[in-house]
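Asker: What follows is target.tsv; its format and atoms are TSV, C-alpha atoms and all ligand atoms.
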chain	number	residue	atom	x	y	z
Q	14	MET	CA	92.39	154.89	144.22
Q	15	ALA	CA	92.16	158.19	142.37
Q	16	GLY	CA	94.85	160.71	143.23
Q	17	GLY	CA	94.42	164.43	143.65
Q	18	ALA	CA	93.50	166.87	140.92
Q	19	ARG	CA	96.15	167.73	138.39
Q	20	PHE	CA	96.97	171.21	137.25
Q	21	ILE	CA	97.40	171.29	133.48
Q	22	ASP	CA	99.08	174.45	132.34
Q	23	ARG	CA	97.23	175.94	129.37
Q	24	SER	CA	98.64	179.42	129.72
Q	25	GLY	CA	99.02	181.06	126.36
Q	26	THR	CA	97.89	177.94	124.43
Q	27	ALA	CA	95.39	178.21	121.62
Q	28	ALA	CA	92.15	176.25	121.97
Q	29	PRO	CA	92.32	172.92	120.11
Q	30	GLY	CA	90.57	172.78	116.74
Q	31	LEU	CA	87.54	170.54	116.13
Q	32	ASP	CA	88.26	166.90	115.38
Q	33	LEU	CA	84.94	165.88	113.78
Q	34	TRP	CA	83.88	162.26	113.54
Q	35	PRO	CA	83.70	161.46	109.82
Q	36	ALA	CA	80.26	160.98	108.29
Q	37	LEU	CA	79.32	157.31	108.19
Q	38	LEU	CA	76.94	155.30	106.02
Q	39	ILE	CA	75.40	152.10	107.37
Q	40	PRO	CA	74.07	150.35	104.25
Q	41	ARG	CA	70.74	148.59	104.22
Q	42	ALA	CA	72.40	145.21	103.62
Q	43	ASP	CA	74.38	145.51	106.89
Q	44	ILE	CA	71.24	146.52	108.80
Q	45	ASP	CA	69.26	143.64	107.26
Q	46	ALA	CA	71.99	141.14	108.20
Q	47	GLU	CA	72.01	142.38	111.80
Q	48	ILE	CA	68.20	142.21	111.94
Q	49	ALA	CA	68.33	138.59	110.76
Q	50	ARG	CA	71.07	137.77	113.29
Q	51	LEU	CA	69.09	139.31	116.17
Q	52	ALA	CA	65.91	137.51	115.08
Q	53	ASP	CA	67.71	134.15	115.09
Q	54	LEU	CA	69.05	134.46	118.65
Q	55	PRO	CA	67.27	132.59	121.43
Q	56	GLN	CA	64.87	135.05	123.04
Q	57	PRO	CA	66.74	136.94	125.80
Q	58	SER	CA	65.12	136.89	129.27
Q	59	ASN	CA	64.34	140.64	129.12
Q	60	GLY	CA	62.88	140.22	125.63
Q	61	ARG	CA	65.15	142.86	124.13
Q	62	ARG	CA	66.88	141.77	120.93
Q	63	SER	CA	68.96	144.88	120.50
Q	64	SER	CA	72.24	146.06	118.97
Q	65	LEU	CA	73.84	149.45	119.26
Q	66	ILE	CA	74.96	151.00	115.98
Q	67	VAL	CA	78.29	152.47	116.99
Q	68	HIS	CA	80.65	154.85	115.21
Q	69	PRO	CA	84.25	153.60	115.01
Q	70	ARG	CA	85.35	156.75	116.83
Q	71	ALA	CA	83.02	156.13	119.80
Q	72	ALA	CA	84.62	155.13	123.10
Q	73	GLU	CA	83.18	153.81	126.36
Q	74	PRO	CA	81.33	155.06	128.28
Q	75	GLY	CA	78.54	156.29	126.06
Q	76	LEU	CA	78.80	154.44	122.74
Q	77	GLY	CA	76.96	156.40	120.08
Q	78	LEU	CA	76.62	156.89	116.36
Q	79	ALA	CA	77.32	160.56	117.11
Q	80	PRO	CA	79.05	161.70	120.32
Q	81	GLY	CA	75.73	162.51	122.00
Q	82	ILE	CA	73.31	160.23	120.12
Q	83	ARG	CA	72.93	156.53	120.83
Q	84	VAL	CA	71.18	154.56	118.11
Q	85	SER	CA	69.97	151.02	118.62
Q	86	LEU	CA	68.42	148.47	116.29
Q	87	ASP	CA	65.62	146.66	118.11
Q	88	VAL	CA	63.87	143.53	116.90
Q	89	LEU	CA	60.85	141.58	118.15
Q	90	ARG	CA	59.59	138.37	116.60
Q	91	PRO	CA	55.82	137.95	116.23
Q	92	GLY	CA	54.24	137.29	119.62
Q	93	GLU	CA	57.21	138.64	121.59
Q	94	GLN	CA	57.36	141.57	123.98
Q	95	THR	CA	60.04	143.36	125.97
Q	96	ALA	CA	60.19	143.49	129.76
Q	97	PRO	CA	59.13	146.83	131.30
Q	98	ILE	CA	61.95	149.32	131.86
Q	99	ARG	CA	62.43	152.99	132.61
Q	100	HIS	CA	65.42	155.33	132.61
Q	101	ASN	CA	66.31	159.00	132.75
Q	102	SER	CA	67.37	159.04	129.10
Q	103	THR	CA	64.65	160.03	126.64
Q	104	ALA	CA	64.13	158.42	123.26
Q	105	VAL	CA	62.74	158.86	119.79
Q	106	ASN	CA	61.32	155.51	118.62
Q	107	PHE	CA	60.96	154.81	114.90
Q	108	CYS	CA	59.34	151.64	113.50
Q	109	ILE	CA	61.07	150.65	110.25
Q	110	HIS	CA	59.46	147.23	109.72
Q	111	GLY	CA	56.36	145.42	110.91
Q	112	ARG	CA	53.91	146.72	113.45
Q	113	GLY	CA	52.80	146.27	117.06
Q	114	TYR	CA	52.18	148.43	120.06
Q	115	THR	CA	54.04	150.18	122.84
Q	116	VAL	CA	52.74	150.87	126.32
Q	117	VAL	CA	54.39	153.97	127.76
Q	118	ALA	CA	53.42	155.66	131.05
Q	119	GLY	CA	50.19	153.63	130.99
Q	120	GLN	CA	49.20	154.68	127.45
Q	121	ARG	CA	49.03	152.32	124.49
Q	122	PHE	CA	50.16	153.38	121.01
Q	123	ASP	CA	49.42	151.06	118.12
Q	124	VAL	CA	52.33	151.59	115.77
Q	125	ALA	CA	52.92	150.85	112.13
Q	126	ARG	CA	55.84	151.22	109.75
Q	127	TYR	CA	57.48	154.70	109.81
Q	128	ASP	CA	55.54	155.81	112.89
Q	129	VAL	CA	57.51	157.84	115.44
Q	130	TRP	CA	56.84	158.13	119.18
Q	131	ASN	CA	58.80	159.41	122.15
Q	132	THR	CA	59.49	157.92	125.56
Q	133	PRO	CA	59.82	160.51	128.36
Q	134	ALA	CA	62.33	160.24	131.21
Q	135	MET	CA	61.43	157.67	133.89
Q	136	ALA	CA	58.26	156.62	132.05
Q	137	THR	CA	57.85	152.84	132.22
Q	138	TYR	CA	57.43	151.28	128.78
Q	139	TRP	CA	57.41	147.99	126.93
Q	140	HIS	CA	57.08	147.03	123.28
Q	141	VAL	CA	54.87	144.28	121.89
Q	142	ASN	CA	54.83	142.64	118.47
Q	143	ASP	CA	51.26	141.44	117.93
Q	144	GLY	CA	51.71	141.35	114.16
Q	145	ASP	CA	52.78	138.45	111.97
Q	146	ALA	CA	56.08	139.90	110.69
Q	147	LEU	CA	59.28	140.95	112.43
Q	148	GLN	CA	58.95	144.27	114.23
Q	149	VAL	CA	62.06	146.42	113.77
Q	150	ARG	CA	62.68	149.75	115.45
Q	151	LEU	CA	65.46	152.32	115.42
Q	152	THR	CA	65.76	153.96	118.83
Q	153	TYR	CA	67.60	157.27	119.19
Q	154	SER	CA	68.47	158.23	122.75
Q	155	ASN	CA	70.64	160.59	124.77
Q	156	ALA	CA	71.94	157.61	126.79
Q	157	ALA	CA	75.32	158.12	125.08
Q	158	LEU	CA	75.62	161.56	126.64
Q	159	LEU	CA	74.25	160.54	130.06
Q	160	GLU	CA	76.68	157.61	130.21
Q	161	LYS	CA	79.53	160.03	129.48
Q	162	MET	CA	78.25	162.13	132.38
Q	163	ASN	CA	77.99	159.01	134.59
Q	164	VAL	CA	74.33	159.75	135.29
Q	165	HIS	CA	72.40	157.29	133.14
Q	166	VAL	CA	69.97	155.79	135.67
Q	167	VAL	CA	68.20	152.63	134.45
Q	168	ASP	CA	65.49	150.82	136.43
Q	169	ASP	CA	64.62	147.39	135.05
Q	170	ARG	CA	62.07	146.63	137.80
Q	171	PRO	CA	59.90	149.69	137.33
Q	172	PRO	CA	56.37	150.38	138.59
Q	173	GLU	CA	53.77	149.58	135.90
Q	174	ALA	CA	52.49	153.04	135.09
Q	175	GLY	CA	55.84	154.82	135.30
Q	176	ALA	CA	56.55	157.86	137.40
Q	177	PRO	CA	53.46	158.90	139.35
Q	178	ARG	CA	53.57	162.46	140.62
Q	179	PRO	CA	54.42	162.70	144.32
Q	180	PRO	CA	51.74	164.49	146.41
Q	181	MET	CA	52.44	168.18	146.92
Q	182	GLU	CA	53.39	169.00	150.49
Q	183	ALA	CA	51.14	171.41	152.32
Q	184	ASP	CA	52.55	174.93	152.21
Q	185	ASP	CA	54.45	175.60	155.43
Q	186	THR	CA	55.48	179.26	155.62
Q	187	THR	CA	58.14	178.54	158.26
Q	188	ARG	CA	59.98	176.52	155.59
Q	189	ARG	CA	59.93	179.28	153.03
Q	190	ASN	CA	62.52	181.99	152.51
Q	191	PRO	CA	60.52	185.19	153.19
Q	192	PHE	CA	62.40	187.25	150.58
Q	193	GLY	CA	61.56	185.23	147.45
Q	194	THR	CA	63.40	185.81	144.18
Q	195	PHE	CA	64.35	189.41	143.60
Q	196	LYS	CA	66.34	191.68	141.36
Q	197	LEU	CA	69.81	192.39	142.69
Q	198	THR	CA	71.19	194.78	140.10
Q	199	GLU	CA	69.65	197.22	137.66
Q	200	ALA	CA	71.17	195.22	134.80
Q	201	GLY	CA	69.03	192.22	135.75
Q	202	ALA	CA	71.07	189.92	137.97
Q	203	TYR	CA	68.73	188.17	140.43
Q	204	LEU	CA	68.94	186.19	143.65
Q	205	MET	CA	66.81	183.04	144.02
Q	206	PRO	CA	66.27	181.17	147.30
Q	207	TYR	CA	66.72	177.44	147.80
Q	208	GLU	CA	62.99	176.61	147.79
Q	209	GLN	CA	62.68	177.81	144.23
Q	210	LEU	CA	65.98	176.28	143.16
Q	211	ILE	CA	64.73	172.80	144.11
Q	212	ASN	CA	61.23	173.29	142.74
Q	213	PRO	CA	61.59	174.63	139.21
Q	214	GLU	CA	58.57	175.28	137.04
Q	215	THR	CA	57.35	171.96	135.63
Q	216	VAL	CA	56.27	171.11	132.11
Q	217	GLU	CA	54.33	167.88	131.71
Q	218	SER	CA	56.31	165.45	129.56
Q	219	LYS	CA	53.88	163.32	127.59
Q	220	PRO	CA	54.53	160.36	125.35
Q	221	LEU	CA	53.30	161.39	121.88
Q	222	HIS	CA	52.77	159.41	118.70
Q	223	TRP	CA	53.17	160.69	115.12
Q	224	PRO	CA	51.51	158.08	112.87
Q	225	TRP	CA	53.20	158.04	109.45
Q	226	ALA	CA	49.83	157.74	107.66
Q	227	LEU	CA	48.84	161.15	109.06
Q	228	VAL	CA	52.24	162.83	108.78
Q	229	LYS	CA	52.61	161.75	105.14
Q	230	GLN	CA	49.38	163.48	104.11
Q	231	HIS	CA	50.76	166.82	105.30
Q	232	LEU	CA	54.29	166.19	104.09
Q	233	ASP	CA	53.16	165.40	100.56
Q	234	LYS	CA	51.51	168.82	100.34
Q	235	LEU	CA	54.99	170.35	100.69
Q	236	GLU	CA	56.02	168.67	97.43
Q	237	ALA	CA	53.90	171.34	95.76
Q	238	LEU	CA	56.43	174.04	96.74
Q	239	GLY	CA	58.17	174.68	93.46
Q	240	LYS	CA	61.80	174.06	92.55
Q	241	SER	CA	62.68	177.66	93.42
Q	242	TYR	CA	61.85	177.12	97.13
Q	243	VAL	CA	65.15	177.19	99.05
Q	244	GLY	CA	63.92	175.78	102.39
Q	245	ARG	CA	63.58	172.13	103.33
Q	246	ARG	CA	60.33	170.31	102.64
Q	247	LEU	CA	59.97	168.90	106.12
Q	248	TYR	CA	57.92	168.87	109.29
Q	249	LEU	CA	59.37	168.75	112.77
Q	250	LEU	CA	57.56	166.12	114.85
Q	251	PHE	CA	57.03	168.77	117.48
Q	252	ASN	CA	56.47	168.01	121.15
Q	253	PRO	CA	55.09	171.22	122.74
Q	254	ALA	CA	56.74	170.31	126.08
Q	255	THR	CA	60.05	171.27	124.45
Q	256	GLY	CA	58.83	174.85	123.97
Q	257	ARG	CA	61.31	177.25	122.43
Q	258	THR	CA	63.92	174.54	121.76
Q	259	ASN	CA	61.74	173.02	119.00
Q	260	GLY	CA	62.17	169.37	119.91
Q	261	THR	CA	60.60	165.94	119.81
Q	262	THR	CA	62.37	165.17	123.09
Q	263	GLN	CA	64.22	167.71	125.25
Q	264	ASN	CA	67.39	166.48	123.56
Q	265	PHE	CA	66.50	165.72	119.93
Q	266	PHE	CA	64.35	166.90	117.14
Q	267	ALA	CA	63.03	164.39	114.65
Q	268	THR	CA	61.97	165.69	111.24
Q	269	MET	CA	60.25	163.96	108.34
Q	270	THR	CA	61.48	165.26	105.00
Q	271	VAL	CA	60.34	164.74	101.44
Q	272	ARG	CA	62.83	165.58	98.70
Q	273	PRO	CA	61.35	165.71	95.22
Q	274	PRO	CA	63.61	164.32	92.46
Q	275	GLY	CA	66.65	166.36	91.52
Q	276	ILE	CA	66.78	168.68	94.55
Q	277	VAL	CA	70.27	169.77	95.61
Q	278	ASP	CA	70.51	171.60	98.97
Q	279	HIS	CA	72.89	174.46	99.56
Q	280	PRO	CA	75.92	173.56	101.69
Q	281	HIS	CA	75.39	174.58	105.31
Q	282	ARG	CA	76.45	173.57	108.80
Q	283	HIS	CA	75.31	173.48	112.41
Q	284	THR	CA	76.82	172.32	115.67
Q	285	SER	CA	74.02	169.79	116.13
Q	286	ALA	CA	74.85	166.32	114.80
Q	287	ALA	CA	72.42	164.80	112.30
Q	288	ILE	CA	71.50	161.18	111.65
Q	289	ASN	CA	69.34	160.38	108.61
Q	290	TYR	CA	67.36	157.26	107.82
Q	291	TYR	CA	66.27	157.15	104.18
Q	292	PHE	CA	63.17	155.10	103.42
Q	293	ALA	CA	62.32	155.95	99.81
Q	294	GLY	CA	64.37	156.97	96.78
Q	295	SER	CA	68.11	157.51	96.63
Q	296	GLY	CA	70.60	160.35	96.50
Q	297	TYR	CA	73.93	161.53	97.79
Q	298	SER	CA	75.46	163.79	100.40
Q	299	ILE	CA	78.66	165.80	100.34
Q	300	VAL	CA	80.02	166.01	103.88
Q	301	GLU	CA	83.28	167.85	104.54
Q	302	GLY	CA	84.16	167.44	100.86
Q	303	ARG	CA	83.48	163.67	100.66
Q	304	ARG	CA	80.64	162.14	98.66
Q	305	TYR	CA	78.38	159.44	100.13
Q	306	ASP	CA	75.78	157.76	97.92
Q	307	TRP	CA	72.73	156.40	99.74
Q	308	LYS	CA	69.45	154.67	99.03
Q	309	ALA	CA	66.28	153.64	100.83
Q	310	GLY	CA	67.04	151.53	103.91
Q	311	ASP	CA	70.41	153.17	104.65
Q	312	LEU	CA	71.18	154.93	107.91
Q	313	MET	CA	73.75	157.70	107.97
Q	314	LEU	CA	75.61	159.99	110.32
Q	315	SER	CA	75.00	162.69	107.74
Q	316	ALA	CA	76.33	165.72	109.58
Q	317	PRO	CA	78.89	165.59	112.33
Q	318	GLY	CA	78.50	168.77	114.39
Q	319	TRP	CA	79.83	171.80	112.46
Q	320	GLY	CA	80.80	169.81	109.36
Q	321	VAL	CA	79.78	171.47	106.07
Q	322	HIS	CA	77.30	169.29	104.20
Q	323	ASN	CA	74.53	169.18	101.64
Q	324	HIS	CA	72.20	166.50	100.38
Q	325	ALA	CA	70.73	165.77	96.96
Q	326	SER	CA	68.03	163.48	95.64
Q	327	ASN	CA	68.38	161.39	92.46
Q	328	ASP	CA	65.47	160.73	90.11
Q	329	ALA	CA	62.81	159.60	92.64
Q	330	ALA	CA	61.28	161.29	95.67
Q	331	VAL	CA	63.19	160.68	98.90
Q	332	TYR	CA	61.62	160.29	102.33
Q	333	GLU	CA	63.84	160.53	105.36
Q	334	LEU	CA	63.72	160.78	109.13
Q	335	THR	CA	66.40	163.07	110.56
Q	336	VAL	CA	67.33	163.14	114.23
Q	337	GLN	CA	69.52	165.98	115.53
Q	338	ASP	CA	70.62	167.01	119.02
Q	339	SER	CA	69.52	170.54	118.27
Q	340	PRO	CA	67.18	171.18	121.29
Q	341	LEU	CA	70.01	170.29	123.67
Q	342	ASN	CA	72.31	172.70	121.82
Q	343	ILE	CA	69.67	175.45	121.96
Q	344	ALA	CA	69.29	174.91	125.71
Q	345	MET	CA	73.07	175.08	126.09
Q	346	GLU	CA	73.25	178.20	123.85
Q	347	SER	CA	75.72	176.28	121.69
Q	348	LEU	CA	73.67	175.88	118.49
Q	349	LEU	CA	75.70	177.73	115.89
Q	350	TRP	CA	73.86	177.54	112.57
Q	351	GLN	CA	75.20	178.71	109.23
Q	352	GLU	CA	72.48	178.40	106.61
Q	353	ASP	CA	74.81	179.73	103.88
Q	354	VAL	CA	78.52	179.07	104.29
Q	355	ASN	CA	79.30	182.46	102.73
Q	356	GLN	CA	77.21	184.28	105.34
Q	357	PRO	CA	77.76	184.63	109.10
Q	358	PHE	CA	76.38	182.07	111.55
Q	359	ALA	CA	73.75	182.76	114.20
Q	360	VAL	CA	73.44	181.38	117.73
Q	361	LEU	CA	69.98	179.89	117.28
Q	362	GLY	CA	67.71	180.39	120.26
Q	363	SER	CA	69.40	183.58	121.43
Q	364	GLN	CA	69.93	185.42	118.14
Q	365	GLU	CA	67.59	185.91	115.22
Q	366	GLY	CA	67.63	182.83	112.98
Q	367	PHE	CA	67.11	182.45	109.22
Q	368	SER	CA	64.19	182.65	106.87
Q	369	THR	CA	63.39	180.94	103.59
Q	370	ASN	CA	62.13	182.61	100.43
Q	371	ARG	CA	58.57	181.49	101.14
Q	372	ALA	CA	56.18	184.37	101.77
H	1	FE	FE	72.02	169.99	107.93
Written as structure tokens, how would this file's structure read?
Answerer:
Amino acid sequence: MAGGARFIDRSGTAAPGLDLWPALLIPRADIDAEIARLADLPQPSNGRRSSLIVHPRAAEPGLGLAPGIRVSLDVLRPGEQTAPIRHNSTAVNFCIHGRGYTVVAGQRFDVARYDVWNTPAMATYWHVNDGDALQVRLTYSNAALLEKMNVHVVDDRPPEAGAPRPPMEADDTTRRNPFGTFKLTEAGAYLMPYEQLINPETVESKPLHWPWALVKQHLDKLEALGKSYVGRRLYLLFNPATGRTNGTTQNFFATMTVRPPGIVDHPHRHTSAAINYYFAGSGYSIVEGRRYDWKAGDLMLSAPGWGVHNHASNDAAVYELTVQDSPLNIAMESLLWQEDVNQPFAVLGSQEGFSTNRA
């Protein structure tokens, strides 16, 4: 049985410094071997051939590749499908091999290699491989964080179409606080009654699909920005439900980047953690002073939160998918971003951010 609370005296003590997880490269050969191992297992009863890709510093509960980002490697043999499931974690799904389709909240997305799609919270989904090759997905979810918070709710006997909206109750004025929400002080402190507290404004959370064939057409136009352009040649796979936090889910953004040959980024840092999957070309990253060489098919924890890093391409164009827990950090007002390590940082989302040299 748990005892009472402890008092831990911190009087006069300095805050502890950051103890960043080191960057980590998961080479293609290791991923391929795990794919082959998963494919050779007898089919599990829930259909999910799945391994977490876990950082050596991760500890239960909430095993992740970054402290707040769980990454799994998911395999389906031709003809297989997963059992329906839903949970309050949200996910970015990324097909890295094969094809198939996913049904999510009653909608079907036919997916091909390098397509990205999201699964909203409590939306029932299942994956199907109707192709003739192995289907392999990387799934990035905030389950790591929710498990740490002891609130990851998983329902493996979900209703088919996911979370139908409950009917709105008829408005009963006797159940409403007559004073509403009102300004308490001139400076802008307010009071809000219970009815509004338990019925916040809603934003519809839709499953969305970013087919690589379409995204690539737009991405390749960014290659035309000359060598002098200092920004990143990327598009955020933007889900408008995330509004001002610029996300793909409420927790993560996913960006598709093209790096022409011989591009070296300026060192920078941000409190969001970044995970890159490279799927064309090769290059290297310097993270906290250490060099990591990577190539197509490698996965990498490429930026632990607040670690200084930069990336560079070798002699061929690089394509990469980057997932960062930046929207969560914007919502928490914790997204410090330092675009140039010799210049001050900004709190993105509540202070003016940065610009590139593009007119
Ligand atoms: Fe970065």
Asker: The residues within 9 Å of (71.8, 182.9, 109.9), using only C-alpha atoms and the coordinates of the file, should be reported as a list of chain:residue names; which are they?
Answerer: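 Protein, DNA and RNA residues close to (71.8, 182.9, 109.9): Q:Leu349, Q:Trp350, Q:Gln351, Q:Glu352, Q:Asp353, Q:Gln356, Q:Pro357, Q:Phe358, Q:Ala359, Q:Val360, Q:Leu361, Q:Gln364, Q:Glu365, Q:Gly366, Q:Phe367, Q:Ser368.
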Asker: Kindly indicate which residue among Q:Leu314, Q:Leu37, Q:Ile211, Q:Val105 lies nearest to ligand FE 1 (chain H), using all atoms listed in the file for the distances.
Answerer: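 Looking at the shortest contact to ligand FE 1 (chain H), the residue is Q:Leu314.
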Asker: If you measure from atom CA of Ile276 of chain Q to atom CA of Asn106 of chain Q, what distance in Å do you get, rounded to one decimal?
Answerer: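 Rounded to one decimal, the two atoms are 28.0 Å apart.
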Asker: Hey, could you make a per-residue contact list for chain Q against ligand FE 1 (chain H) with 8 Å as the cut-off, showing the nearest pair of atoms and its distance in Å to one decimal, counting all atoms listed in the file, sorted by chain and number, as a tab-separated table?
Answerer:
residue	atom	partner	partner_atom	distance
Q:His281	CA	H:FE1	FE	6.3
Q:Arg282	CA	H:FE1	FE	5.8
Q:His283	CA	H:FE1	FE	6.6
Q:Ala287	CA	H:FE1	FE	6.8
Q:Ser315	CA	H:FE1	FE	7.9
Q:Ala316	CA	H:FE1	FE	6.3
Q:His322	CA	H:FE1	FE	6.5
Q:Asn323	CA	H:FE1	FE	6.8
Asker: Which residue gives the smallest distance to Thr95 of chain Q among Q:Ala330, Q:Leu247, Q:Val141, Q:Leu341, with only C-alpha atoms counted?
Answerer: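 Checking each of Q:Ala330, Q:Leu247, Q:Val141, Q:Leu341 against Thr95 of chain Q, counting only C-alpha atoms, the winner is Q:Val141.
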